[in-house]
Amino acid sequence: MKIGVIGATGNAGSAVYREAEARGHEVVAIVRNEEKAKELFGPAVKLVTKDAFELQEGELEGFDAIVDAFATSPDQAYLHVDLAARLIHLFRQKKTRLFFILGAGSLLNDAGERNVNDLKKAPGSESWIAIPENQFDEYNFLLTVKNVDWVGISPGNVFQAGEAKPAILGKDHLLHNEAGESVTSSGTLATAILDELEAPQYQQTRFTVIDA
């Protein structure tokens, strides 16, 4: 499988790149910083060195899947929605599968309400809440898309770098493990993404994964 990873030098993107490579797939890092990508993945890394918003249709031909692991600062969180819209435009009525890494804000809490409302109550949330808010908007936009093979994945409330751990998977509700934690390691997320790419179970919807 030929897989492109947008934002491959970030926490999520680098974990996805390494997991896909370890499974023998042809992986291409789609990045702005060529030097950083070579430091992370070695000089033989396959690259498309370009801003994601400048990617053209011809540069993305031949991919079986594109993973959107784009990350940005809170003051530009709206770019999550903008990039999703651009990718959807480029892949209308095509076979390439688009995989979007979404936040935990769109998940439902035990009361059936959107988790983004709980996140807003966290101390200091004003400094970062724009990211889950905009990823919730991104999710709502994707739900309107019917002629693109897309899927999304949401981590738990805490997303952190780390090796893959035994996982708990779900659909629309925020998950907690037996210790009451809602944490997703980057390796756990990457494993869930590659499992889904290799054996699809979800289409035009979102699922979620946390560390068990």
# chains A, B, ... in the order shown; residues from 1 in each chain; ligands from 1
>>> closest_atom_pairs(of="segment 95-123 of chain A", to="segment 137-156 of chain A", cutoff="10 Å", atoms="only C-alpha atoms", output="tab-separated table")
residue	atom	partner	partner_atom	distance
A:Lys95	CA	A:Asp149	CA	6.9
A:Thr96	CA	A:Asp149	CA	6.9
A:Arg97	CA	A:Asp149	CA	5.0
A:Leu98	CA	A:Trp150	CA	4.6
A:Phe99	CA	A:Val151	CA	5.1
A:Phe100	CA	A:Gly152	CA	4.6
A:Ile101	CA	A:Ile153	CA	5.2
A:Leu102	CA	A:Ser154	CA	4.9
A:Gly103	CA	A:Ser154	CA	5.2
A:Ala104	CA	A:Ser154	CA	5.4
A:Gly105	CA	A:Ser154	CA	8.5
A:Ser106	CA	A:Tyr139	CA	7.2
A:Leu107	CA	A:Ser154	CA	7.7
>>> residues_around(residues="Leu175 of chain A", least_positions_apart="4", cutoff="8 Å", atoms="only C-alpha atoms", output="number ranges by chain")
A: 156, 168-170, 182, 208-210
>>> select_by_dssp(residues="segment 40-186 of chain A", states="strand (DSSP E or B)", output="PyMOL selection string")
chain A and resi 46-49+65-68+97-101+108+114+150-154+158-160+167-170+173+183-185
>>> closest_residue(among="A:Thr49, A:Ser127, A:Thr205, A:Asn11", to="Ala190 of chain A", atoms="only C-alpha atoms")
A:Asn11
>>> atom_distance(atom1="atom CA of Arg32 of chain A", atom2="atom CA of Val45 of chain A")
13.8 Å
>>> closest_atom_pairs(of="segment 23-77 of chain A", to="segment 194-202 of chain A", cutoff="12 Å", atoms="only C-alpha atoms", output="CSV")
residue,atom,partner,partner_atom,distance
A:Arg23,CA,A:Leu194,CA,8.6
A:Gly24,CA,A:Leu194,CA,11.2
A:His25,CA,A:Leu194,CA,9.9
A:Val27,CA,A:Leu194,CA,11.8
A:Asp64,CA,A:Leu197,CA,9.3
A:Ala65,CA,A:Leu197,CA,7.8
A:Ile66,CA,A:Leu197,CA,10.2
A:Val67,CA,A:Leu197,CA,9.9
>>> write_last_selection(atoms="N, CA and C atoms", output="PDB file, in the first residue's frame")
ATOM      1  N   ARG A  23       5.447  -2.112   8.784  1.00  0.00           N
ATOM      2  CA  ARG A  23       4.558  -3.131   8.217  1.00  0.00           C
ATOM      3  C   ARG A  23       4.830  -3.381   6.734  1.00  0.00           C
ATOM      4  N   GLY A  24       5.838  -2.719   6.200  1.00  0.00           N
ATOM      5  CA  GLY A  24       6.238  -2.975   4.828  1.00  0.00           C
ATOM      6  C   GLY A  24       5.534  -2.174   3.770  1.00  0.00           C
ATOM      7  N   HIS A  25       4.822  -1.127   4.162  1.00  0.00           N
ATOM      8  CA  HIS A  25       4.147  -0.283   3.181  1.00  0.00           C
ATOM      9  C   HIS A  25       5.128   0.733   2.581  1.00  0.00           C
ATOM     10  N   VAL A  27       5.837   4.317   2.188  1.00  0.00           N
ATOM     11  CA  VAL A  27       5.376   5.506   2.915  1.00  0.00           C
ATOM     12  C   VAL A  27       6.092   6.751   2.393  1.00  0.00           C
ATOM     13  N   ASP A  64      -2.665   5.070  -2.187  1.00  0.00           N
ATOM     14  CA  ASP A  64      -3.821   4.308  -1.729  1.00  0.00           C
ATOM     15  C   ASP A  64      -4.503   5.000  -0.561  1.00  0.00           C
ATOM     16  N   ALA A  65      -3.713   5.724   0.227  1.00  0.00           N
ATOM     17  CA  ALA A  65      -4.259   6.430   1.389  1.00  0.00           C
ATOM     18  C   ALA A  65      -3.411   7.653   1.698  1.00  0.00           C
ATOM     19  N   ILE A  66      -4.070   8.687   2.182  1.00  0.00           N
ATOM     20  CA  ILE A  66      -3.417   9.884   2.693  1.00  0.00           C
ATOM     21  C   ILE A  66      -3.869  10.061   4.135  1.00  0.00           C
ATOM     22  N   VAL A  67      -2.907  10.158   5.058  1.00  0.00           N
ATOM     23  CA  VAL A  67      -3.226  10.394   6.463  1.00  0.00           C
ATOM     24  C   VAL A  67      -2.960  11.867   6.776  1.00  0.00           C
TER      25      VAL A  67
END
>>> decode(residues="segment 63-165 of chain A", atoms="C-alpha atoms", output="PDB file, in the first residue's frame")
ATOM      1  CA  PHE A  63      -1.582   6.944  -3.247  1.00  0.00           C
ATOM      2  CA  ASP A  64      -3.821   4.308  -1.729  1.00  0.00           C
ATOM      3  CA  ALA A  65      -4.259   6.430   1.389  1.00  0.00           C
ATOM      4  CA  ILE A  66      -3.417   9.884   2.693  1.00  0.00           C
ATOM      5  CA  VAL A  67      -3.226  10.394   6.463  1.00  0.00           C
ATOM      6  CA  ASP A  68      -3.866  13.974   7.592  1.00  0.00           C
ATOM      7  CA  ALA A  69      -1.720  14.362  10.717  1.00  0.00           C
ATOM      8  CA  PHE A  70      -1.504  18.132  10.299  1.00  0.00           C
ATOM      9  CA  ALA A  71      -0.939  20.095  13.517  1.00  0.00           C
ATOM     10  CA  THR A  72      -0.982  23.811  14.151  1.00  0.00           C
ATOM     11  CA  SER A  73      -1.000  26.417  16.900  1.00  0.00           C
ATOM     12  CA  PRO A  74      -4.285  27.419  18.571  1.00  0.00           C
ATOM     13  CA  ASP A  75      -4.335  30.834  16.894  1.00  0.00           C
ATOM     14  CA  GLN A  76      -4.454  29.089  13.510  1.00  0.00           C
ATOM     15  CA  ALA A  77      -6.657  26.161  14.502  1.00  0.00           C
ATOM     16  CA  TYR A  78      -9.092  27.024  11.684  1.00  0.00           C
ATOM     17  CA  LEU A  79      -6.516  25.524   9.309  1.00  0.00           C
ATOM     18  CA  HIS A  80      -7.682  22.048  10.366  1.00  0.00           C
ATOM     19  CA  VAL A  81     -10.997  22.758   8.662  1.00  0.00           C
ATOM     20  CA  ASP A  82      -9.381  24.466   5.690  1.00  0.00           C
ATOM     21  CA  LEU A  83      -7.030  21.547   4.985  1.00  0.00           C
ATOM     22  CA  ALA A  84      -9.817  18.992   5.293  1.00  0.00           C
ATOM     23  CA  ALA A  85     -11.849  20.975   2.777  1.00  0.00           C
ATOM     24  CA  ARG A  86      -8.892  21.148   0.387  1.00  0.00           C
ATOM     25  CA  LEU A  87      -8.196  17.433   0.581  1.00  0.00           C
ATOM     26  CA  ILE A  88     -11.845  16.589   0.072  1.00  0.00           C
ATOM     27  CA  HIS A  89     -11.877  18.838  -2.997  1.00  0.00           C
ATOM     28  CA  LEU A  90      -8.798  17.104  -4.430  1.00  0.00           C
ATOM     29  CA  PHE A  91     -10.166  13.603  -3.895  1.00  0.00           C
ATOM     30  CA  ARG A  92     -13.814  13.882  -4.892  1.00  0.00           C
ATOM     31  CA  GLN A  93     -14.966  10.654  -6.564  1.00  0.00           C
ATOM     32  CA  LYS A  94     -11.506   9.059  -6.354  1.00  0.00           C
ATOM     33  CA  LYS A  95     -10.320   5.802  -4.835  1.00  0.00           C
ATOM     34  CA  THR A  96      -7.678   7.177  -2.478  1.00  0.00           C
ATOM     35  CA  ARG A  97      -8.695   6.816   1.161  1.00  0.00           C
ATOM     36  CA  LEU A  98      -8.393   9.904   3.357  1.00  0.00           C
ATOM     37  CA  PHE A  99      -7.677   9.385   7.056  1.00  0.00           C
ATOM     38  CA  PHE A 100      -8.222  12.371   9.357  1.00  0.00           C
ATOM     39  CA  ILE A 101      -6.830  12.577  12.888  1.00  0.00           C
ATOM     40  CA  LEU A 102      -9.486  14.442  14.843  1.00  0.00           C
ATOM     41  CA  GLY A 103      -9.530  15.654  18.427  1.00  0.00           C
ATOM     42  CA  ALA A 104     -11.529  14.362  21.376  1.00  0.00           C
ATOM     43  CA  GLY A 105     -13.897  17.332  21.363  1.00  0.00           C
ATOM     44  CA  SER A 106     -16.436  15.759  19.018  1.00  0.00           C
ATOM     45  CA  LEU A 107     -16.815  12.647  21.182  1.00  0.00           C
ATOM     46  CA  LEU A 108     -19.813  12.280  23.497  1.00  0.00           C
ATOM     47  CA  ASN A 109     -19.545  12.212  27.289  1.00  0.00           C
ATOM     48  CA  ASP A 110     -21.588   9.969  29.572  1.00  0.00           C
ATOM     49  CA  ALA A 111     -24.476  12.444  29.447  1.00  0.00           C
ATOM     50  CA  GLY A 112     -24.549  12.303  25.656  1.00  0.00           C
ATOM     51  CA  GLU A 113     -23.146  15.822  25.293  1.00  0.00           C
ATOM     52  CA  ARG A 114     -20.150  16.833  23.213  1.00  0.00           C
ATOM     53  CA  ASN A 115     -16.887  16.516  25.076  1.00  0.00           C
ATOM     54  CA  VAL A 116     -15.709  19.904  23.803  1.00  0.00           C
ATOM     55  CA  ASN A 117     -18.039  21.506  26.364  1.00  0.00           C
ATOM     56  CA  ASP A 118     -16.257  19.667  29.180  1.00  0.00           C
ATOM     57  CA  LEU A 119     -12.849  20.589  27.767  1.00  0.00           C
ATOM     58  CA  LYS A 120     -13.800  24.272  27.905  1.00  0.00           C
ATOM     59  CA  LYS A 121     -14.140  23.966  31.696  1.00  0.00           C
ATOM     60  CA  ALA A 122     -10.558  22.792  32.175  1.00  0.00           C
ATOM     61  CA  PRO A 123      -8.209  25.310  33.838  1.00  0.00           C
ATOM     62  CA  GLY A 124      -6.322  27.337  31.256  1.00  0.00           C
ATOM     63  CA  SER A 125      -8.375  25.963  28.366  1.00  0.00           C
ATOM     64  CA  GLU A 126      -8.607  29.384  26.757  1.00  0.00           C
ATOM     65  CA  SER A 127      -5.016  28.951  25.571  1.00  0.00           C
ATOM     66  CA  TRP A 128      -5.737  25.757  23.553  1.00  0.00           C
ATOM     67  CA  ILE A 129      -9.499  25.216  23.257  1.00  0.00           C
ATOM     68  CA  ALA A 130      -9.532  26.560  19.684  1.00  0.00           C
ATOM     69  CA  ILE A 131      -7.905  23.324  18.489  1.00  0.00           C
ATOM     70  CA  PRO A 132     -10.611  20.885  19.715  1.00  0.00           C
ATOM     71  CA  GLU A 133     -13.293  23.381  18.704  1.00  0.00           C
ATOM     72  CA  ASN A 134     -12.004  23.540  15.145  1.00  0.00           C
ATOM     73  CA  GLN A 135     -11.450  19.804  14.939  1.00  0.00           C
ATOM     74  CA  PHE A 136     -15.085  19.413  15.974  1.00  0.00           C
ATOM     75  CA  ASP A 137     -15.978  21.725  13.076  1.00  0.00           C
ATOM     76  CA  GLU A 138     -13.761  19.590  10.834  1.00  0.00           C
ATOM     77  CA  TYR A 139     -15.644  16.458  11.911  1.00  0.00           C
ATOM     78  CA  ASN A 140     -19.013  18.110  11.239  1.00  0.00           C
ATOM     79  CA  PHE A 141     -17.809  19.130   7.781  1.00  0.00           C
ATOM     80  CA  LEU A 142     -16.664  15.602   6.993  1.00  0.00           C
ATOM     81  CA  LEU A 143     -20.092  14.240   7.898  1.00  0.00           C
ATOM     82  CA  THR A 144     -21.493  16.141   4.910  1.00  0.00           C
ATOM     83  CA  VAL A 145     -19.097  14.402   2.474  1.00  0.00           C
ATOM     84  CA  LYS A 146     -20.628  11.422   0.660  1.00  0.00           C
ATOM     85  CA  ASN A 147     -18.448  10.917  -2.438  1.00  0.00           C
ATOM     86  CA  VAL A 148     -15.004  10.543  -0.824  1.00  0.00           C
ATOM     87  CA  ASP A 149     -13.688   7.458   0.974  1.00  0.00           C
ATOM     88  CA  TRP A 150     -12.805   9.099   4.288  1.00  0.00           C
ATOM     89  CA  VAL A 151     -12.473   7.973   7.886  1.00  0.00           C
ATOM     90  CA  GLY A 152     -11.561   9.794  11.085  1.00  0.00           C
ATOM     91  CA  ILE A 153     -10.029   8.800  14.393  1.00  0.00           C
ATOM     92  CA  SER A 154     -10.203  10.555  17.757  1.00  0.00           C
ATOM     93  CA  PRO A 155      -7.800  10.008  20.658  1.00  0.00           C
ATOM     94  CA  GLY A 156      -8.769  10.297  24.303  1.00  0.00           C
ATOM     95  CA  ASN A 157      -8.664  13.527  26.281  1.00  0.00           C
ATOM     96  CA  VAL A 158      -4.871  13.279  26.576  1.00  0.00           C
ATOM     97  CA  PHE A 159      -2.755  12.581  23.513  1.00  0.00           C
ATOM     98  CA  GLN A 160       0.925  11.988  24.163  1.00  0.00           C
ATOM     99  CA  ALA A 161       4.017  10.572  22.523  1.00  0.00           C
ATOM    100  CA  GLY A 162       4.698   6.977  23.450  1.00  0.00           C
ATOM    101  CA  GLU A 163       4.942   3.380  22.312  1.00  0.00           C
ATOM    102  CA  ALA A 164       1.873   1.401  21.300  1.00  0.00           C
ATOM    103  CA  LYS A 165      -0.048  -0.104  24.211  1.00  0.00           C
TER     104      LYS A 165
END
